[in-house]
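Coordinates from upload_17.cif are shown below (mmCIF, C-alpha atoms and all ligand atoms).
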data_run
loop_
_atom_site.label_atom_id
_atom_site.label_comp_id
_atom_site.auth_asym_id
_atom_site.auth_seq_id
_atom_site.Cartn_x
_atom_site.Cartn_y
_atom_site.Cartn_z
CA MET A 1 3.53 -30.20 -22.39
CA ALA A 2 6.72 -29.71 -24.39
CA ALA A 3 4.77 -30.07 -27.66
CA ASN A 4 2.46 -27.33 -26.49
CA LYS A 5 5.05 -24.69 -25.88
CA TYR A 6 5.16 -23.67 -29.54
CA LEU A 7 1.42 -22.93 -29.50
CA LEU A 8 1.30 -20.83 -26.37
CA MET A 9 1.47 -17.07 -26.47
CA ARG A 10 3.84 -15.78 -23.81
CA ILE A 11 2.63 -12.78 -21.88
CA ALA A 12 4.43 -11.24 -18.90
CA ILE A 13 2.55 -9.17 -16.34
CA LEU A 14 4.62 -6.77 -14.25
CA ASN A 15 3.28 -4.83 -11.31
CA GLY A 16 5.19 -2.05 -9.61
CA PRO A 17 5.39 -0.72 -6.07
CA ASN A 18 2.60 -1.25 -3.55
CA LEU A 19 0.46 -3.28 -5.93
CA ASN A 20 1.20 -6.24 -3.63
CA LEU A 21 -1.26 -4.48 -1.28
CA LEU A 22 -4.22 -4.79 -3.67
CA GLY A 23 -7.33 -6.04 -1.95
CA THR A 24 -6.10 -5.08 1.50
CA ARG A 25 -6.37 -1.25 1.54
CA GLU A 26 -8.04 1.60 -0.38
CA PRO A 27 -10.78 -0.63 -1.88
CA GLU A 28 -12.66 2.48 -3.08
CA VAL A 29 -9.77 3.20 -5.50
CA TYR A 30 -8.30 -0.23 -6.24
CA GLY A 31 -11.12 -2.70 -5.51
CA ASN A 32 -11.20 -5.54 -3.00
CA GLN A 33 -9.53 -8.38 -4.88
CA THR A 34 -5.91 -9.35 -4.37
CA PHE A 35 -3.87 -9.62 -7.55
CA ASP A 36 -3.24 -13.29 -6.84
CA GLN A 37 -7.01 -13.93 -6.83
CA TYR A 38 -7.48 -11.97 -10.04
CA PHE A 39 -4.49 -13.66 -11.69
CA ALA A 40 -5.81 -17.15 -10.87
CA GLY A 41 -9.04 -16.32 -12.76
CA LEU A 42 -7.11 -14.83 -15.67
CA LYS A 43 -4.99 -17.98 -16.09
CA GLU A 44 -8.13 -20.13 -16.03
CA LYS A 45 -9.84 -17.96 -18.63
CA TYR A 46 -6.89 -17.98 -21.04
CA PRO A 47 -5.39 -21.50 -21.00
CA ALA A 48 -3.69 -20.81 -24.34
CA VAL A 49 -1.56 -18.11 -22.78
CA ALA A 50 1.61 -18.85 -20.84
CA PHE A 51 1.63 -16.09 -18.23
CA THR A 52 4.41 -15.01 -15.97
CA TYR A 53 3.75 -12.61 -13.12
CA PHE A 54 6.33 -10.41 -11.44
CA GLN A 55 5.75 -7.77 -8.77
CA SER A 56 8.42 -5.61 -7.22
CA ASN A 57 8.67 -2.52 -5.09
CA VAL A 58 12.17 -1.92 -6.50
CA GLU A 59 12.69 0.09 -9.71
CA GLY A 60 15.84 -1.77 -10.84
CA GLU A 61 14.16 -5.15 -10.38
CA LEU A 62 11.33 -4.09 -12.69
CA ILE A 63 13.91 -2.99 -15.27
CA ASN A 64 15.76 -6.31 -14.95
CA GLU A 65 12.49 -8.17 -15.54
CA LEU A 66 11.64 -6.00 -18.58
CA GLN A 67 15.05 -6.87 -20.04
CA ARG A 68 14.63 -10.56 -19.16
CA VAL A 69 11.28 -10.99 -20.94
CA GLY A 70 11.61 -8.17 -23.46
CA PHE A 71 13.33 -10.05 -26.28
CA SER A 72 11.44 -13.35 -26.28
CA TYR A 73 7.89 -12.81 -25.00
CA ASP A 74 4.92 -11.91 -27.22
CA GLY A 75 3.57 -9.21 -24.96
CA ILE A 76 4.23 -7.36 -21.73
CA ILE A 77 1.55 -5.79 -19.55
CA ILE A 78 2.97 -3.37 -17.02
CA ASN A 79 1.43 -1.36 -14.25
CA PRO A 80 4.45 0.59 -13.03
CA GLY A 81 2.52 1.98 -10.03
CA GLY A 82 3.98 5.21 -8.70
CA TYR A 83 7.10 4.76 -10.88
CA THR A 84 4.88 5.67 -13.84
CA HIS A 85 5.18 9.29 -12.84
CA THR A 86 8.87 9.36 -11.87
CA SER A 87 10.88 6.72 -13.71
CA VAL A 88 12.71 7.80 -16.83
CA ALA A 89 14.65 4.54 -16.46
CA ILE A 90 11.55 2.32 -16.82
CA GLY A 91 10.53 4.36 -19.88
CA ASP A 92 14.04 3.88 -21.31
CA ALA A 93 13.90 0.12 -20.65
CA ILE A 94 10.58 -0.16 -22.51
CA ALA A 95 12.05 1.77 -25.45
CA ALA A 96 15.08 -0.57 -25.48
CA ILE A 97 13.26 -3.91 -25.68
CA LYS A 98 11.57 -5.65 -28.63
CA THR A 99 8.37 -7.03 -27.06
CA PRO A 100 5.38 -4.66 -27.26
CA VAL A 101 4.25 -3.24 -23.95
CA VAL A 102 0.76 -2.24 -22.82
CA GLU A 103 0.58 0.10 -19.80
CA VAL A 104 -2.31 -0.56 -17.42
CA HIS A 105 -3.61 1.53 -14.53
CA ILE A 106 -6.41 0.34 -12.32
CA SER A 107 -7.55 3.87 -11.54
CA ASN A 108 -8.09 6.75 -13.94
CA VAL A 109 -4.90 8.69 -13.25
CA HIS A 110 -6.28 11.72 -15.11
CA ALA A 111 -9.11 12.02 -12.60
CA ARG A 112 -6.70 12.16 -9.65
CA GLU A 113 -3.85 14.45 -8.52
CA GLU A 114 -1.98 16.57 -11.09
CA PHE A 115 1.30 14.68 -10.62
CA ARG A 116 -0.37 11.46 -11.81
CA LYS A 117 -1.05 13.01 -15.23
CA ILE A 118 2.61 12.63 -16.15
CA SER A 119 3.71 9.20 -17.39
CA HIS A 120 7.25 8.33 -18.44
CA VAL A 121 5.85 5.08 -19.82
CA SER A 122 2.91 6.03 -22.07
CA ALA A 123 4.98 7.40 -24.96
CA ARG A 124 7.08 4.21 -25.00
CA ALA A 125 4.13 1.82 -24.73
CA LYS A 126 1.99 0.48 -27.55
CA GLY A 127 -1.02 1.80 -25.66
CA THR A 128 -2.45 2.55 -22.25
CA ILE A 129 -5.58 1.25 -20.50
CA MET A 130 -6.70 3.07 -17.38
CA GLY A 131 -9.61 3.53 -15.04
CA LEU A 132 -11.31 0.21 -15.75
CA GLY A 133 -10.16 -1.58 -12.63
CA LEU A 134 -8.45 -4.97 -12.81
CA LYS A 135 -10.42 -5.61 -16.02
CA GLY A 136 -7.73 -3.50 -17.73
CA TYR A 137 -5.25 -6.40 -17.51
CA GLU A 138 -7.68 -8.71 -19.31
CA LEU A 139 -8.33 -6.10 -21.98
CA ALA A 140 -4.57 -5.90 -22.53
CA VAL A 141 -4.38 -9.71 -22.86
CA ASN A 142 -7.14 -9.53 -25.49
CA PHE A 143 -5.17 -6.91 -27.39
CA PHE A 144 -2.18 -9.28 -27.62
CA LEU A 145 -4.40 -12.23 -28.61
O1 LIG A 201 -4.12 3.11 -10.84
C1 LIG A 201 -3.08 2.47 -10.88
O2 LIG A 201 -3.01 1.31 -11.25
C2 LIG A 201 -1.78 3.13 -10.37
O3 LIG A 201 -0.71 2.68 -11.17
C3 LIG A 201 -1.61 2.65 -8.93
C4 LIG A 201 -0.42 3.32 -8.23
C5 LIG A 201 -0.48 4.83 -8.36
O4 LIG A 201 0.68 5.42 -7.82
C6 LIG A 201 -0.62 5.26 -9.81
O5 LIG A 201 -0.73 6.66 -9.86
C7 LIG A 201 -1.85 4.63 -10.45
C8 LIG A 201 -0.43 2.99 -6.74
C9 LIG A 201 -0.47 1.55 -6.41
C10 LIG A 201 -0.78 1.39 -4.95
O6 LIG A 201 -1.62 0.29 -4.82
C11 LIG A 201 -2.26 0.11 -3.64
C12 LIG A 201 -3.18 -0.90 -3.61
C13 LIG A 201 -3.88 -1.13 -2.46
C14 LIG A 201 -3.64 -0.39 -1.32
C15 LIG A 201 -2.71 0.61 -1.36
C16 LIG A 201 -2.01 0.85 -2.52
#

Could you express the structure from this file as structure tokens?
Amino acid sequence: MAANKYLLMRIAILNGPNLNLLGTREPEVYGNQTFDQYFAGLKEKYPAVAFTYFQSNVEGELINELQRVGFSYDGIIINPGGYTHTSVAIGDAIAAIKTPVVEVHISNVHAREEFRKISHVSARAKGTIMGLGLKGYELAVNFFL
């Protein structure tokens, strides 16, 4: 395993508030799979990627994780959940780190309420994928590969 670590691409996936509820409520918006189920399939499909997964309902914890992985990983995929629309601090953290960040949203935030059209993250991210369900995370992995 140790010999392998130089070959693996390191990608961190961060999910923000309430995304721990995926697959349990609002299936019409967010689908019926839990993130753990989806993540198991993703790891199987991309054995050459060393993934870490972090979910928190706490803004500061997401910022701590961005700073932890943001100077050594090859890519970060973040769905900041509701913090997308409120958190200047998460946007600042993304601007402060070295690792490129792709923002993912399961739903199409532009087809929903007005307040979801504002993102403090998009301008700091390399790009944004939205509205394509959980598939968006895989598309972001493919971008980094
Ligand atoms: O579409 C997305 O991925 C969002 O980031 C999801 C956030 C929402 O505030 C953003 O505007 C768009 C909400 C995550 C809540 O996730 C739930 C999942 C299942 C049941 C209830 C909430």

Around all the atoms of ligand LIG 201 (chain A) listed in the file, draw an axis-aligned box and extend it by 4 Å on each of the six sides; I want its centre and edge lengths in Å to one decimal, as JSON.
{"center_x": -1.7, "center_y": 2.8, "center_z": -6.3, "size_x": 12.8, "size_y": 15.8, "size_z": 17.9}

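You can rank A:Ile90, A:Leu139, A:Met9, A:Tyr46 by their closest distance to Glu61 of chain A using all atoms listed in the file, and at the top of that list sits A:Ile90.
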
- Message: Using all atoms listed in the file, which residues of the polymer chains come no farther than 10 Å from ligand LIG 201 (chain A)? I'd like the answer as an NGL selection string.
- Response: :A and (15-35 or 78-86 or 103-110 or 112-113 or 115-119 or 129-134 or 136)

I'd like the contact shell of segment 95-99 of chain A - 6 Å cut-off, only C-alpha atoms, skipping same-chain residues fewer than 6 positions apart - returned as a PDB file with C-alpha atoms, keeping the file's coordinate frame.
ATOM      1  CA  GLY A  70      11.610  -8.170 -23.460  1.00  0.00           C
ATOM      2  CA  PHE A  71      13.330 -10.050 -26.280  1.00  0.00           C
ATOM      3  CA  ASP A  74       4.920 -11.910 -27.220  1.00  0.00           C
ATOM      4  CA  GLY A  75       3.570  -9.210 -24.960  1.00  0.00           C
ATOM      5  CA  ARG A 124       7.080   4.210 -25.000  1.00  0.00           C
TER       6      ARG A 124
END

- Which of these, A:Thr52, A:Asn57, A:Gln37, A:Asn64, has the shortest distance to Ile77 of chain A once you count all atoms listed in the file?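 Result for the nearest residue to Ile77 of chain A: A:Thr52.
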
- Record the distance separating atom CA of Phe144 of chain A and atom CA of Arg10 of chain A, expressed in Å with one decimal.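 For atom CA of Phe144 of chain A relative to atom CA of Arg10 of chain A, the distance reads 9.6 Å.
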
- atom CA of Ser87 of chain A and atom CA of His120 of chain A are how many Å apart?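 So the two atoms, atom CA of Ser87 of chain A and atom CA of His120 of chain A, lie 6.2 Å apart.
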